[in-house]
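K.L.:
Encoded as structure tokens, here's the structure I'll be asking about.
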Amino acid sequence: MKQKRLSASELQGKARCLRCHIIGMTGTAGSGHPGGSLSAADILAALYFRVLHHDPDNPRWDDRDRFVLSKGHAAPLLYAALAESGYFPLELLYTLRKLDSPLQGHPHMTELPGVEASTGSLGQGLSIANGMALAGRLDGRTYRVYVLLGDGEMDEGQVWEAAMAASHYELDSLTAILDRNRQQIDGWTTDVMTLEPLADKWRAFGWHALEINGHDMEAILKALSQAQQVTGQPTIVIAHTIKGRGVSFMECNLQFHGNAPDLEEMEQGLGEIRTEEKCKSCKVQYPGRC
């Protein structure tokens, strides 16, 4: 599918749309993980509306690029990106976490078009992405595989086993993106488990490692473009972000790792995000706002 290439400023507008959806969905549901969804909104805007080769009208297209959300609790972000891309109607978003809704708390690949892997048990996404990259090589396909990791996931041993395997098999079609917001459910990553020097660790495992500001759209696009040029090794983009980005009272606030805003907070959050530009997502009237 030939996609319209959005400019960096247009992608920033898309990221605002995604953030509006995240606040509206979790606020309406009264449940979900807004903090780590908001932090990666710029990254998914760049992927779904500029970088990925995908076709919402043909979700199982053999040559599509694959995206795996390893930090599956950030499902509201993935759902928002899929809906904005046209995989399903925007109105379905406010059924998040309701009985019989395909939009459950973690992505379910057999229930929703566009979801490549059922995730939620942290640490598994990179292994899944490795398998997709290896399958593409065996099948003679040229698609690329992207996986979004959380920095709390870096505590999982399976991540490093998968990192070692990806380097061993020279999976240069694979790009991992780390949402480095420095917070996890139990606190700041520095207090739970020291990760630094993180980039050097990935390089020691045989990866091409880049570090960027994960809210700078130009930097995101440049890093993803560079990753496509790397041969003989996988690439990781360590994207330094702010948990709860875009909503003042959520930024760096651990309370909103796994707690949804109440209706008053939802109204405030939506108002803050919409300040710069009234985005398309604003036409969705979330039930909690009626």
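As shown in the structure tokens, the chain order sets the letters A, B, ...; within each chain, residues go from 1, and ligands are also counted from 1 in the order they appear.
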With 10 Å as the cut-off and only C-alpha atoms counted, what is the closest atom pair between each nearby residue of region 41-123 of chain A and region 222-229 of chain A? Distances in Å to one decimal, ordered by chain and number, as JSON lines.
P.N.:
```
{"residue": "A:Ile43", "atom": "CA", "partner": "A:Leu224", "partner_atom": "CA", "distance": 9.9}
{"residue": "A:Ala46", "atom": "CA", "partner": "A:Leu224", "partner_atom": "CA", "distance": 9.0}
{"residue": "A:Leu47", "atom": "CA", "partner": "A:Leu224", "partner_atom": "CA", "distance": 8.7}
{"residue": "A:Val51", "atom": "CA", "partner": "A:Leu224", "partner_atom": "CA", "distance": 7.8}
```
K.L.:
Given the selection you just returned, output its residues as a file containing C-alpha atoms, formatted as an mmCIF file, in the first residue's frame.
P.N.:
```cif
data_model
loop_
_atom_site.group_PDB
_atom_site.id
_atom_site.type_symbol
_atom_site.label_atom_id
_atom_site.label_comp_id
_atom_site.auth_asym_id
_atom_site.auth_seq_id
_atom_site.Cartn_x
_atom_site.Cartn_y
_atom_site.Cartn_z
ATOM 1 C CA ILE A 43 7.184 6.933 18.221
ATOM 2 C CA ALA A 46 6.195 8.075 13.187
ATOM 3 C CA LEU A 47 5.871 4.339 12.601
ATOM 4 C CA VAL A 51 7.673 4.446 8.279
#
```
K.L.:
From a DSSP calculation on the backbone, collect every residue of region 21-269 of chain A in alpha helix (DSSP H) and output the set as a ChimeraX atom specification.
P.N.:
/A:21-29,35-38,41-46,75-85,125-138,157-168,189-192,198-204,217-229,263-269
K.L.:
Any chance you could export the current selection's C-alpha atoms as a PDB file, in the first residue's frame?
P.N.:
```
ATOM      1  CA  HIS A  21      -7.520   8.775  22.377  1.00  0.00           C
ATOM      2  CA  ILE A  22      -5.392   7.352  25.210  1.00  0.00           C
ATOM      3  CA  ILE A  23      -6.866   9.764  27.743  1.00  0.00           C
ATOM      4  CA  GLY A  24     -10.413   9.324  26.428  1.00  0.00           C
ATOM      5  CA  MET A  25     -10.216   5.536  26.296  1.00  0.00           C
ATOM      6  CA  THR A  26      -8.687   4.963  29.710  1.00  0.00           C
ATOM      7  CA  GLY A  27     -10.820   7.662  31.337  1.00  0.00           C
ATOM      8  CA  THR A  28     -14.018   6.185  29.936  1.00  0.00           C
ATOM      9  CA  ALA A  29     -12.988   2.652  30.900  1.00  0.00           C
ATOM     10  CA  GLY A  35       1.498   6.831  31.448  1.00  0.00           C
ATOM     11  CA  GLY A  36       3.559   4.480  29.313  1.00  0.00           C
ATOM     12  CA  SER A  37       1.127   4.856  26.424  1.00  0.00           C
ATOM     13  CA  LEU A  38       1.523   8.637  26.351  1.00  0.00           C
ATOM     14  CA  ALA A  41       2.896   8.304  21.196  1.00  0.00           C
ATOM     15  CA  ASP A  42       5.434  10.190  19.066  1.00  0.00           C
ATOM     16  CA  ILE A  43       7.184   6.933  18.221  1.00  0.00           C
ATOM     17  CA  LEU A  44       4.037   5.166  17.058  1.00  0.00           C
ATOM     18  CA  ALA A  45       2.911   8.214  15.106  1.00  0.00           C
ATOM     19  CA  ALA A  46       6.195   8.075  13.187  1.00  0.00           C
ATOM     20  CA  ALA A  75      -2.300  -1.343  24.425  1.00  0.00           C
ATOM     21  CA  PRO A  76      -4.315   1.934  24.394  1.00  0.00           C
ATOM     22  CA  LEU A  77      -1.551   3.483  22.293  1.00  0.00           C
ATOM     23  CA  LEU A  78      -1.528   0.618  19.806  1.00  0.00           C
ATOM     24  CA  TYR A  79      -5.322   0.635  19.544  1.00  0.00           C
ATOM     25  CA  ALA A  80      -5.301   4.386  18.906  1.00  0.00           C
ATOM     26  CA  ALA A  81      -2.689   4.030  16.151  1.00  0.00           C
ATOM     27  CA  LEU A  82      -4.606   1.183  14.489  1.00  0.00           C
ATOM     28  CA  ALA A  83      -7.903   3.069  14.599  1.00  0.00           C
ATOM     29  CA  GLU A  84      -6.377   6.266  13.233  1.00  0.00           C
ATOM     30  CA  SER A  85      -4.797   4.164  10.465  1.00  0.00           C
ATOM     31  CA  GLY A 125       8.245  -9.299  22.452  1.00  0.00           C
ATOM     32  CA  LEU A 126      11.823  -9.249  21.240  1.00  0.00           C
ATOM     33  CA  SER A 127      11.846 -13.048  20.931  1.00  0.00           C
ATOM     34  CA  ILE A 128       8.640 -12.869  18.884  1.00  0.00           C
ATOM     35  CA  ALA A 129      10.171 -10.175  16.670  1.00  0.00           C
ATOM     36  CA  ASN A 130      13.276 -12.341  16.174  1.00  0.00           C
ATOM     37  CA  GLY A 131      11.064 -15.121  14.885  1.00  0.00           C
ATOM     38  CA  MET A 132       9.324 -12.794  12.460  1.00  0.00           C
ATOM     39  CA  ALA A 133      12.648 -11.519  11.136  1.00  0.00           C
ATOM     40  CA  LEU A 134      14.005 -15.047  10.710  1.00  0.00           C
ATOM     41  CA  ALA A 135      10.796 -16.144   8.961  1.00  0.00           C
ATOM     42  CA  GLY A 136      11.091 -13.221   6.569  1.00  0.00           C
ATOM     43  CA  ARG A 137      14.635 -14.263   5.703  1.00  0.00           C
ATOM     44  CA  LEU A 138      13.624 -17.885   5.122  1.00  0.00           C
ATOM     45  CA  GLY A 157      16.482 -12.124  31.272  1.00  0.00           C
ATOM     46  CA  GLN A 158      14.624 -13.211  28.138  1.00  0.00           C
ATOM     47  CA  VAL A 159      15.235  -9.777  26.616  1.00  0.00           C
ATOM     48  CA  TRP A 160      18.980 -10.300  26.762  1.00  0.00           C
ATOM     49  CA  GLU A 161      18.745 -13.870  25.460  1.00  0.00           C
ATOM     50  CA  ALA A 162      16.776 -12.539  22.501  1.00  0.00           C
ATOM     51  CA  ALA A 163      19.255  -9.689  22.039  1.00  0.00           C
ATOM     52  CA  MET A 164      22.095 -12.188  21.864  1.00  0.00           C
ATOM     53  CA  ALA A 165      20.217 -14.352  19.359  1.00  0.00           C
ATOM     54  CA  ALA A 166      19.313 -11.399  17.113  1.00  0.00           C
ATOM     55  CA  SER A 167      22.959 -10.399  16.925  1.00  0.00           C
ATOM     56  CA  HIS A 168      24.106 -13.967  16.327  1.00  0.00           C
ATOM     57  CA  THR A 189      14.335   2.263  37.022  1.00  0.00           C
ATOM     58  CA  THR A 190      17.468   3.481  38.778  1.00  0.00           C
ATOM     59  CA  ASP A 191      15.990   2.362  42.102  1.00  0.00           C
ATOM     60  CA  VAL A 192      14.602  -0.972  40.890  1.00  0.00           C
ATOM     61  CA  LEU A 198      22.474   0.885  28.579  1.00  0.00           C
ATOM     62  CA  ALA A 199      23.611   1.740  25.060  1.00  0.00           C
ATOM     63  CA  ASP A 200      27.013   0.194  25.726  1.00  0.00           C
ATOM     64  CA  LYS A 201      25.343  -2.997  26.935  1.00  0.00           C
ATOM     65  CA  TRP A 202      23.402  -3.333  23.685  1.00  0.00           C
ATOM     66  CA  ARG A 203      26.566  -2.649  21.680  1.00  0.00           C
ATOM     67  CA  ALA A 204      28.354  -5.331  23.690  1.00  0.00           C
ATOM     68  CA  MET A 217       9.913  13.832  15.608  1.00  0.00           C
ATOM     69  CA  GLU A 218      12.819  14.716  13.324  1.00  0.00           C
ATOM     70  CA  ALA A 219      15.183  12.711  15.537  1.00  0.00           C
ATOM     71  CA  ILE A 220      12.822   9.721  15.534  1.00  0.00           C
ATOM     72  CA  LEU A 221      12.532   9.740  11.752  1.00  0.00           C
ATOM     73  CA  LYS A 222      16.290  10.124  11.313  1.00  0.00           C
ATOM     74  CA  ALA A 223      17.037   7.208  13.649  1.00  0.00           C
ATOM     75  CA  LEU A 224      14.519   4.902  11.959  1.00  0.00           C
ATOM     76  CA  SER A 225      15.946   5.830   8.572  1.00  0.00           C
ATOM     77  CA  GLN A 226      19.469   5.094   9.776  1.00  0.00           C
ATOM     78  CA  ALA A 227      18.344   1.721  11.084  1.00  0.00           C
ATOM     79  CA  GLN A 228      17.182   0.770   7.594  1.00  0.00           C
ATOM     80  CA  GLN A 229      20.701   1.312   6.279  1.00  0.00           C
ATOM     81  CA  LEU A 263     -13.667  12.102  34.594  1.00  0.00           C
ATOM     82  CA  GLU A 264     -12.416  15.458  35.847  1.00  0.00           C
ATOM     83  CA  GLU A 265      -8.809  14.504  35.105  1.00  0.00           C
ATOM     84  CA  MET A 266      -9.866  13.194  31.691  1.00  0.00           C
ATOM     85  CA  GLU A 267     -11.417  16.558  30.845  1.00  0.00           C
ATOM     86  CA  GLN A 268      -8.305  18.392  31.993  1.00  0.00           C
ATOM     87  CA  GLY A 269      -5.965  16.073  30.135  1.00  0.00           C
TER      88      GLY A 269
END
```
K.L.:
Could you give me, as a list in words, each residue of region 103-268 of chain A that DSSP assigns to strand (DSSP E or B) when run on this structure's backbone?
P.N.:
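Here are the strand (DSSP E or B) residues of region 103-268 of chain A: Val145, Tyr146, Val147, Leu148, Leu149, Gly150, Leu174, Thr175, Ala176, Ile177, Leu178, Asp179, Arg180, Gln183, Gln184, Gly187, Trp188, His208, Ala209, Leu210, Glu211, Ile212, Asn213, Thr235, Ile236, Val237, Ile238, Ala239 and His240 of chain A.
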K.L.:
Let me make sure I understand: among A:Leu174, A:Val247, A:Leu18, A:Val145, which one has the smallest atom-to-atom distance to Pro234 (chain A) if we use only C-alpha atoms?
P.N.:
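Closest to Pro234 (chain A) of all the choices is A:Leu174.
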K.L.:
Choose the residue, out of A:Val237, A:Leu99, A:Ile212, A:Val147, that has the smallest atom-to-atom separation from Phe67 (chain A); count only C-alpha atoms.
P.N.:
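So, comparing all the options, the nearest one is A:Val147.
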K.L.:
Choose the residue, out of A:Ala15, A:Leu90, A:Ala176, A:Val68, that has the smallest atom-to-atom separation from Met109 (chain A); count only C-alpha atoms.
P.N.:
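Checking each candidate against Met109 (chain A), we get A:Val68 as the closest.
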K.L.:
How many Å separate CA of Arg182 (chain A) from CA of Asp151 (chain A)?
P.N.:
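These atoms are spaced 6.6 Å apart.
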K.L.:
Env of Lys71 (chain A): 8 Å cut, atoms = only C-alpha atoms, seq-sep filter 2 positions within chain, self excluded. Answer as an NGL selection string.
P.N.:
:A and (69 or 73-74 or 119-120 or 122 or 125 or 148-150 or 153)
K.L.:
Quick one, how far is CA of Arg5 (chain A) from CA of Asp172 (chain A)?
P.N.:
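Separating CA of Arg5 (chain A) from CA of Asp172 (chain A) is a distance of 23.8 Å.
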K.L.:
Measuring atom to atom with only C-alpha atoms, identify which of A:Pro107, A:Met193, A:Pro56, A:Leu112 is nearest to Leu92 (chain A).
P.N.:
A:Leu112
K.L.:
For CA of Ser9 (chain A) and CA of Arg245 (chain A), quote the distance in Å rounded to one decimal.
P.N.:
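Atom-to-atom, CA of Ser9 (chain A) and CA of Arg245 (chain A) are spaced 17.2 Å apart.
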K.L.:
Check the smallest atom-to-atom distance from each of A:Thr241, A:Arg66, A:Pro34, A:Leu210 to His53 (chain A) using only C-alpha atoms, then report the winner.
P.N.:
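With only C-alpha atoms as the atom set, the closest residue is A:Arg66.
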K.L.:
So that I can check the surroundings of Gln184 (chain A), please list as a PDB file with C-alpha atoms, in the first residue's frame every protein, DNA and RNA residue that reaches within 8 Å of it, counting only C-alpha atoms and ignoring chain neighbours fewer than 6 positions away.
P.N.:
```
ATOM      1  CA  ASP A 151      12.766   0.042  30.054  1.00  0.00           C
ATOM      2  CA  GLY A 152      11.252  -1.877  32.975  1.00  0.00           C
ATOM      3  CA  LEU A 254       3.990   6.970  38.918  1.00  0.00           C
ATOM      4  CA  HIS A 257       1.467   3.911  35.319  1.00  0.00           C
TER       5      HIS A 257
END
```
